Amino acid sequence: MKSHDHSAGHGHGSLHPHGVEEPLAPKEGITPLVDITDVSSGYAGSPAIENVSLKIWPGQFIAVVGPNGGGKTTLLRTILGAVPLMRGRVAIRGETVGGAALERVGYVPQLETIDWNFPITVEEVLLMGLFRKNHWLKRIKKEDLKKIDALLDRLNLTGLGKRHIRELSGGQQQAVFLGRALLGEPDLILLDEPTAGLDIRSRDDVIHFLHEINHQGVAIVITAHDLNWVAAHLPWVVCLNRRVIAEGKPQEVFTSAVLQETYRGDMVVFLHDGMVMIGERPHAPAP
Amino acid sequence: MPLLSPFEYEFFRRGLFAAIVVGALCGYIGVYVVLRRMSYIGHGLSHAIFGGAVLSTITHSNFYIGAGIWALFSGALIHAISRRRWVGADAAIGVVTTTSFAIGVAIISTYRSFTRNIEAALFGNILGIAPQDLWTMTGIAIAVFLVLFMIRRQLLFATFDPEVAHAYGISTDKIDFVFIMLLATTVLASTQTMGVTLVAAAMVIPPVIARYLTKRFGMLLVISPIIGALCGAAGMFLSFYLDISSAATIVLTAAAIFIVLETTLILKQKTSTRVAVN
C-alpha cells in the first residue's frame with residue numbers, strides 16, 4: 001500500500017505499487033484501462049473531488065470507500081464524462097473520455113435512484129443495454145431476445161423477464177441492472193453502492209457474481225460503505241475523501257491513520273483469523 | 001334517439017374523427033409526459049400557445065403556422081430554461097407560459113371583435129373543424145407518431161434512467177429537445193379540438209388510466225392511445241345527446257373512468273386488508 005502524497009509537485013501519475021502478487025493487479029507495460037490524471041471535477045463550479053490521480057488496470061477489482069459527500073459517486077461519474085472537469089484529464093484506453101471511449105464501459109447506478117413505480121419489466125430494462133448510442137432504426141432481432149434469455153439464466157432470473165422490476169428481491173434487482181450493463185460486453189463496469197440496502201445473503205450473491213464476471217477479465221470498480229465487507233471480499237481499495245488518501249490491498253490500506261484521515265473519525269483496526277476488521281471506537285462515558 | 005343518428009351530420013363525423021385522432025395522439029405522447037413528470041410543462045405549453053393563436057387571428061394568418069411558430073419557440077424556451085439550475089425549472093416555465101398567455105389576453109382586450117375565435121382557442125370547437133384543418137391535424141398526428149415511434153427506445157432509456165442513458169452514448173439533451181418540440185406540436189394539433197384549457201387533461205388522464213391496466217411499458221404505449229381514442233369517441237356521443245361542450249365531455253368521460261378504477265382499487269385494498277386482519 002502506498003499513501004497518496006498530495007504535497008506540491010507530487011500527486012500526478014500512478015501511485016499504484018508495482019509487482020504486487022494479486023493476479024489481477026496492475027502490471028508494467030500494460031496501458032491502463034482508465035487513467036485519471038490530476039483531476040478536479042464537480043458541480044456548479046464547486047469541486048467535489050480535487051487533484052485525483054488514479055489508474056484502473058484491465059481485470060482489476062477495486063472498491064472506492066470514503067465518507068458521504070467524499071466524492072465516490074462523482075469519481076464514477078467523472079470516469080463516465082458526466083461531470084465537468086475543472087482540471088486534469090481522464091483517458092480510457094488512452095483516449096480522452098467521451099463518445100467511442102465509453103463504448104465498452106458499463107454503469108450500474110445506485111438502486112435508490114431508480115423510480116420503482118415506473119411501469120417497466122425486467123426484460124424491458126435489459127433491452128436498454130442493447131441500445132447504446134443513437135441507433136434510431138435499430139430493431140430487436142430474434143438473436144437479441146435469445147441473448148436476453150441466456151442472460152436471465154446466467155443471472156438466475158429464469159422466467160422472471162415479464163415481471164415488474166419492483167416484484168424482485170433486492171439482490172435480483174441489482175442483478176437486472178448489472179445484466180443491462182453486461183449486454184454491452186464491457187471490459188469495465190462501474191457500480192455505485194451495489195450492496196446498499198441488501199441483506200447479507202443478497203450481498204453475498206452480488207459479490208460472488210461480480211467475482212465471476214471479474215474472473216472473465218472484466219475490470220470492476222464499486223463504491224461501498226461497509227469496510228469489513230470490502231476487506232473480506234475485495235483485492236484492492238481506494239480511500240477517497242475529495243482526494244485520494246491511499247490505495248492498495250485492504251489489509252495494508254485499512255490502518256487507523258488512513259481511516260482517520262479518510263473519515264475524520266476514530267476507528268479501531270485489528271486482525272482476526274488473518275482478516276482485517278474495522279470497528280468504531282465507543283464514545284467515552286459521560287463523567 | 002337512435003345511436004347512429006349523429007352520423008347524419010357532417011360536422012359530427014368530422015368532430016368524431018378529430019376526437020379519435022387527438023385522443024390517440026395525446027394518449028400516446030401522454031405516456032412520456034406522465035413518466036417524465038412533465039404534466040405541468042404540457043399544461044403550460046397549451047397556455048403558451050394561446051398567445052400564438054390570438055396573434056394568428058389578428059394577423060389573419062393560418063392558425064397552424066402562426067400558433068405553430070409560437071408553440072415551437074415557447075417549447076425551445078422552456079427546454080432552455082428547464083436546464084438551468086439557478087432558478088427552479090417549474091417557476092421559470094411558469095413565467096414563460098403565463099407571460100405568453102397574458103400576451104394573448106392583452107391583445108384580446110385591445111381587439112374585441114373576434115371573441116368567437118378566442119373562445120374556440122380556449123375551450124375548443126370540435127364541431128366547427130373545417131375539412132382542411134382535419135387533414136392538417138391528421139398529418140401532424142401521423143408525423144408526431146412516426147417520430148415518437150422512431151426514437152421510442154432512446155426516449156424510454158432517457159426517461160427511465162437519464163444518467164445511464166447519457167453514459168451509454170444516447171444524446172439525452174437532444175432527445176429532451178426533440179420531445180418538447182413534439183409536445184408543442186401535439187398541443188398545436190389538439191388545440192382546436194380540446195382548447196388550450198383542456199389539452200393537458202387529454203394527455204394526462206389516459207396514461208394514468210392505462211397504468212391501472214398494465215405494468216409493461218410497451219403495453220402502456222398501446223393501451224393509453226386506445227383509451228384516449230375511446231374517450232374521444234364516447235365523449236363526442238355523450239356531448240351530442242347531453243348537449244354539453246364536446247371537449248369538456250371528453251375530459252369528464254376519461255375522469256369518470258379514472259374515478260371508477262381508483263375507487264375499485266381502494267375497495268379491493270380495503271377488502272384484502274380486512275381478510276388479512278381476520
# chains A, B, ... in the order shown; residues from 1 in each chain; ligands from 1
call {"tool": "residues_around", "arguments": {"residues": "Asp161 in chain B", "least_positions_apart": "5", "cutoff": "10 Å", "atoms": "only C-alpha atoms", "output": "list of chain:residue names"}}
result
A:Pro109, A:Thr113, A:Ile114, A:Asp115, A:Val125, A:Met128, B:Leu155, B:Leu156, B:His166
call {"tool": "residues_around", "arguments": {"residues": "Ile62 in chain A", "least_positions_apart": "2", "cutoff": "8 Å", "atoms": "only C-alpha atoms", "output": "mmCIF file with C-alpha atoms, in the first residue's frame"}}
result
data_model
loop_
_atom_site.group_PDB
_atom_site.id
_atom_site.type_symbol
_atom_site.label_atom_id
_atom_site.label_comp_id
_atom_site.auth_asym_id
_atom_site.auth_seq_id
_atom_site.Cartn_x
_atom_site.Cartn_y
_atom_site.Cartn_z
ATOM 1 C CA GLN A 60 -8.775 -5.110 -11.708
ATOM 2 C CA VAL A 64 -13.730 3.019 -3.562
ATOM 3 C CA ILE A 220 -14.854 -3.692 -11.846
ATOM 4 C CA VAL A 221 -14.988 -0.561 -9.730
ATOM 5 C CA ILE A 222 -17.539 -0.330 -6.955
ATOM 6 C CA LEU A 234 -12.136 -7.021 -2.474
ATOM 7 C CA PRO A 235 -8.479 -7.273 -3.520
ATOM 8 C CA TRP A 236 -7.861 -3.554 -3.963
ATOM 9 C CA VAL A 237 -9.229 -0.483 -2.240
ATOM 10 C CA VAL A 238 -9.063 3.276 -2.785
#
call {"tool": "atom_distance", "arguments": {"atom1": "CA of Glu50 in chain A", "atom2": "CA of Gly169 in chain B"}}
result
26.1 Å
call {"tool": "interface_residues", "arguments": {"of": "chain A", "to": "chain B", "cutoff": "9 Å", "atoms": "only C-alpha atoms", "output": "tab-separated table (two decimals) with N, CA and C atoms, in the first residue's frame"}}
result
chain	number	residue	atom	x	y	z
A	44	ALA	N	-21.57	22.89	-10.62
A	44	ALA	CA	-21.81	24.33	-10.50
A	44	ALA	C	-20.56	25.08	-10.03
A	77	ARG	N	-18.83	9.09	-11.93
A	77	ARG	CA	-19.47	9.90	-12.97
A	77	ARG	C	-18.43	10.68	-13.78
A	80	LEU	N	-17.19	8.52	-16.41
A	80	LEU	CA	-18.20	8.42	-17.49
A	80	LEU	C	-18.32	9.72	-18.29
A	81	GLY	N	-17.60	10.75	-17.88
A	81	GLY	CA	-17.69	12.03	-18.57
A	81	GLY	C	-18.97	12.78	-18.27
A	82	ALA	N	-19.63	12.42	-17.17
A	82	ALA	CA	-20.91	13.06	-16.84
A	82	ALA	C	-20.75	14.25	-15.90
A	98	GLY	N	-15.31	10.02	-23.34
A	98	GLY	CA	-16.45	10.51	-24.14
A	98	GLY	C	-16.60	9.69	-25.39
A	99	GLY	N	-17.77	9.69	-25.95
A	99	GLY	CA	-18.08	9.03	-27.22
A	99	GLY	C	-17.61	7.58	-27.27
A	100	ALA	N	-16.76	7.28	-28.27
A	100	ALA	CA	-16.35	5.89	-28.53
A	100	ALA	C	-15.60	5.28	-27.34
A	102	LEU	N	-16.23	5.29	-24.36
A	102	LEU	CA	-17.12	4.73	-23.34
A	102	LEU	C	-17.90	3.51	-23.82
A	103	GLU	N	-17.67	3.12	-25.08
A	103	GLU	CA	-18.49	2.05	-25.65
A	103	GLU	C	-18.44	0.75	-24.87
A	105	VAL	N	-17.80	0.49	-21.56
A	105	VAL	CA	-17.88	0.77	-20.13
A	105	VAL	C	-19.33	0.63	-19.69
A	106	GLY	N	-19.58	-0.21	-18.70
A	106	GLY	CA	-20.93	-0.37	-18.18
A	106	GLY	C	-21.08	0.40	-16.88
A	107	TYR	N	-22.29	0.85	-16.61
A	107	TYR	CA	-22.51	1.61	-15.39
A	107	TYR	C	-23.79	1.11	-14.71
A	108	VAL	N	-23.69	0.87	-13.42
A	108	VAL	CA	-24.86	0.46	-12.64
A	108	VAL	C	-25.06	1.52	-11.56
A	109	PRO	N	-26.14	2.31	-11.67
A	109	PRO	CA	-26.33	3.38	-10.69
A	109	PRO	C	-26.80	2.83	-9.34
A	113	THR	N	-31.69	5.47	-6.80
A	113	THR	CA	-32.03	6.50	-7.79
A	113	THR	C	-33.08	6.00	-8.78
A	114	ILE	N	-33.42	4.72	-8.71
A	114	ILE	CA	-34.39	4.14	-9.65
A	114	ILE	C	-35.82	4.44	-9.20
A	115	ASP	N	-36.68	4.80	-10.15
A	115	ASP	CA	-38.10	5.00	-9.85
A	115	ASP	C	-38.78	3.63	-9.93
A	118	PHE	N	-42.02	3.05	-11.90
A	118	PHE	CA	-42.00	3.18	-13.36
A	118	PHE	C	-42.53	1.87	-13.95
A	119	PRO	N	-43.50	1.97	-14.89
A	119	PRO	CA	-44.07	0.73	-15.44
A	119	PRO	C	-43.11	0.05	-16.41
A	120	ILE	N	-42.27	-0.79	-15.89
A	120	ILE	CA	-41.27	-1.42	-16.76
A	120	ILE	C	-40.94	-2.81	-16.22
A	121	THR	N	-40.75	-3.75	-17.15
A	121	THR	CA	-40.45	-5.12	-16.75
A	121	THR	C	-38.95	-5.38	-16.80
A	124	GLU	N	-37.67	-5.40	-20.30
A	124	GLU	CA	-37.59	-4.06	-20.91
A	124	GLU	C	-36.35	-3.31	-20.41
A	125	VAL	N	-35.99	-3.53	-19.14
A	125	VAL	CA	-34.77	-2.89	-18.62
A	125	VAL	C	-33.55	-3.48	-19.32
A	127	LEU	N	-33.32	-4.87	-22.20
A	127	LEU	CA	-33.25	-4.47	-23.62
A	127	LEU	C	-32.54	-3.12	-23.81
A	128	MET	N	-32.61	-2.27	-22.79
A	128	MET	CA	-31.94	-0.96	-22.90
A	128	MET	C	-30.44	-1.15	-23.14
A	129	GLY	N	-29.89	-2.22	-22.60
A	129	GLY	CA	-28.46	-2.49	-22.76
A	129	GLY	C	-28.05	-2.71	-24.20
A	131	PHE	N	-29.25	-0.89	-26.63
A	131	PHE	CA	-29.44	0.35	-27.38
A	131	PHE	C	-28.47	1.43	-26.93
A	132	ARG	N	-27.21	1.11	-27.05
A	132	ARG	CA	-26.19	2.11	-26.78
A	132	ARG	C	-26.10	3.00	-28.00
A	133	LYS	N	-25.78	4.24	-27.79
A	133	LYS	CA	-25.67	5.24	-28.87
A	133	LYS	C	-27.04	5.48	-29.52
A	134	ASN	N	-27.04	6.42	-30.48
A	134	ASN	CA	-28.31	6.83	-31.08
A	134	ASN	C	-28.63	6.01	-32.33
A	135	HIS	N	-28.82	4.73	-32.18
A	135	HIS	CA	-29.16	3.90	-33.34
A	135	HIS	C	-30.69	3.94	-33.50
A	136	TRP	N	-31.18	4.97	-34.19
A	136	TRP	CA	-32.60	5.23	-34.25
A	136	TRP	C	-33.41	4.08	-34.85
A	137	LEU	N	-32.84	3.47	-35.88
A	137	LEU	CA	-33.65	2.50	-36.61
A	137	LEU	C	-33.32	1.05	-36.22
A	162	LYS	N	-40.83	-11.16	-17.55
A	162	LYS	CA	-42.07	-10.36	-17.71
A	162	LYS	C	-42.51	-9.72	-16.40
A	163	ARG	N	-41.76	-9.97	-15.33
A	163	ARG	CA	-42.14	-9.38	-14.03
A	163	ARG	C	-41.80	-7.89	-13.99
A	164	HIS	N	-42.58	-7.14	-13.21
A	164	HIS	CA	-42.24	-5.75	-12.96
A	164	HIS	C	-41.00	-5.71	-12.05
call {"tool": "closest_residue", "arguments": {"among": "B:Ala143, B:Met137, B:Thr185, B:Tyr32", "to": "Trp70 in chain B", "atoms": "only C-alpha atoms"}}
result
B:Thr185
call {"tool": "closest_residue", "arguments": {"among": "A:Arg180, A:His233, A:Lys141, A:Arg166", "to": "Phe61 in chain A", "atoms": "only C-alpha atoms"}}
result
A:His233
call {"tool": "select_by_dssp", "arguments": {"residues": "range 163-217 of chain A", "states": "strand (DSSP E or B)", "output": "JSON, numbers by chain"}}
result
{"A": [164, 188, 189, 190, 191]}
call {"tool": "write_last_selection", "arguments": {"atoms": "N, CA and C atoms", "output": "PDB file, in the first residue's frame"}}
result
ATOM      1  N   HIS A 164     -42.583  -7.142 -13.210  1.00  0.00           N
ATOM      2  CA  HIS A 164     -42.237  -5.748 -12.957  1.00  0.00           C
ATOM      3  C   HIS A 164     -41.004  -5.712 -12.055  1.00  0.00           C
ATOM      4  N   LEU A 188     -15.068  -2.858 -18.587  1.00  0.00           N
ATOM      5  CA  LEU A 188     -15.049  -2.150 -17.303  1.00  0.00           C
ATOM      6  C   LEU A 188     -16.489  -1.891 -16.872  1.00  0.00           C
ATOM      7  N   ILE A 189     -16.800  -2.249 -15.625  1.00  0.00           N
ATOM      8  CA  ILE A 189     -18.133  -1.934 -15.089  1.00  0.00           C
ATOM      9  C   ILE A 189     -17.961  -1.103 -13.820  1.00  0.00           C
ATOM     10  N   LEU A 190     -18.684  -0.015 -13.761  1.00  0.00           N
ATOM     11  CA  LEU A 190     -18.679   0.845 -12.574  1.00  0.00           C
ATOM     12  C   LEU A 190     -19.997   0.645 -11.847  1.00  0.00           C
ATOM     13  N   LEU A 191     -19.937   0.337 -10.572  1.00  0.00           N
ATOM     14  CA  LEU A 191     -21.174   0.113  -9.802  1.00  0.00           C
ATOM     15  C   LEU A 191     -21.197   1.038  -8.595  1.00  0.00           C
TER      16      LEU A 191
END
call {"tool": "atom_distance", "arguments": {"atom1": "CA of Asn156 in chain A", "atom2": "CA of Gln174 in chain A"}}
result
11.9 Å
call {"tool": "residues_around", "arguments": {"residues": "Ser56 in chain B", "least_positions_apart": "6", "cutoff": "9 Å", "atoms": "only C-alpha atoms", "output": "PyMOL selection string"}}
result
chain B and resi 62-67
call {"tool": "select_by_dssp", "arguments": {"residues": "range 57-253 of chain A", "states": "alpha helix (DSSP H)", "output": "PyMOL selection string"}}
result
chain A and resi 72-79+122-128+142-154+170-182+200-215+227-233+250-253
call {"tool": "residues_around", "arguments": {"residues": "Ile103 in chain B", "least_positions_apart": "4", "cutoff": "7 Å", "atoms": "only C-alpha atoms", "output": "PyMOL selection string"}}
result
chain B and resi 51+99+107
call {"tool": "write_last_selection", "arguments": {"atoms": "N, CA and C atoms", "output": "mmCIF file, in the first residue's frame"}}
result
data_model
loop_
_atom_site.group_PDB
_atom_site.id
_atom_site.type_symbol
_atom_site.label_atom_id
_atom_site.label_comp_id
_atom_site.auth_asym_id
_atom_site.auth_seq_id
_atom_site.Cartn_x
_atom_site.Cartn_y
_atom_site.Cartn_z
ATOM 1 N N GLY B 51 -51.232 32.667 -26.833
ATOM 2 C CA GLY B 51 -50.711 33.931 -27.378
ATOM 3 C C GLY B 51 -50.563 33.834 -28.885
ATOM 4 N N THR B 99 -46.679 34.350 -19.245
ATOM 5 C CA THR B 99 -46.416 35.581 -19.999
ATOM 6 C C THR B 99 -47.038 35.462 -21.388
ATOM 7 N N ILE B 107 -53.893 41.259 -25.999
ATOM 8 C CA ILE B 107 -54.312 41.560 -27.377
ATOM 9 C C ILE B 107 -55.837 41.510 -27.483
#
call {"tool": "residues_around", "arguments": {"residues": "Ile93 in chain B", "least_positions_apart": "3", "cutoff": "6 Å", "atoms": "only C-alpha atoms", "output": "MDAnalysis selection string"}}
result
chainID B and resid 78 90 96
call {"tool": "write_last_selection", "arguments": {"atoms": "N, CA and C atoms", "output": "PDB file, in the first residue's frame"}}
result
ATOM      1  N   ILE B  78     -38.721  26.892 -23.048  1.00  0.00           N
ATOM      2  CA  ILE B  78     -38.944  26.064 -21.851  1.00  0.00           C
ATOM      3  C   ILE B  78     -37.799  25.055 -21.701  1.00  0.00           C
ATOM      4  N   ASP B  90     -39.645  24.736 -12.642  1.00  0.00           N
ATOM      5  CA  ASP B  90     -41.099  24.904 -12.699  1.00  0.00           C
ATOM      6  C   ASP B  90     -41.492  26.376 -12.644  1.00  0.00           C
ATOM      7  N   VAL B  96     -42.631  31.760 -18.437  1.00  0.00           N
ATOM      8  CA  VAL B  96     -42.753  31.749 -19.904  1.00  0.00           C
ATOM      9  C   VAL B  96     -44.209  31.557 -20.323  1.00  0.00           C
TER      10      VAL B  96
END
call {"tool": "residues_around", "arguments": {"residues": "Phe123 in chain B", "least_positions_apart": "6", "cutoff": "9 Å", "atoms": "only C-alpha atoms", "output": "PyMOL selection string"}}
result
chain B and resi 191-198+245+247-248
call {"tool": "residues_around", "arguments": {"residues": "Ser74 in chain B", "least_positions_apart": "3", "cutoff": "12 Å", "atoms": "only C-alpha atoms", "output": "PyMOL selection string"}}
result
chain B and resi 41-42+44-52+67-71+77-82+92-101+177+180-181+183-185+187-188
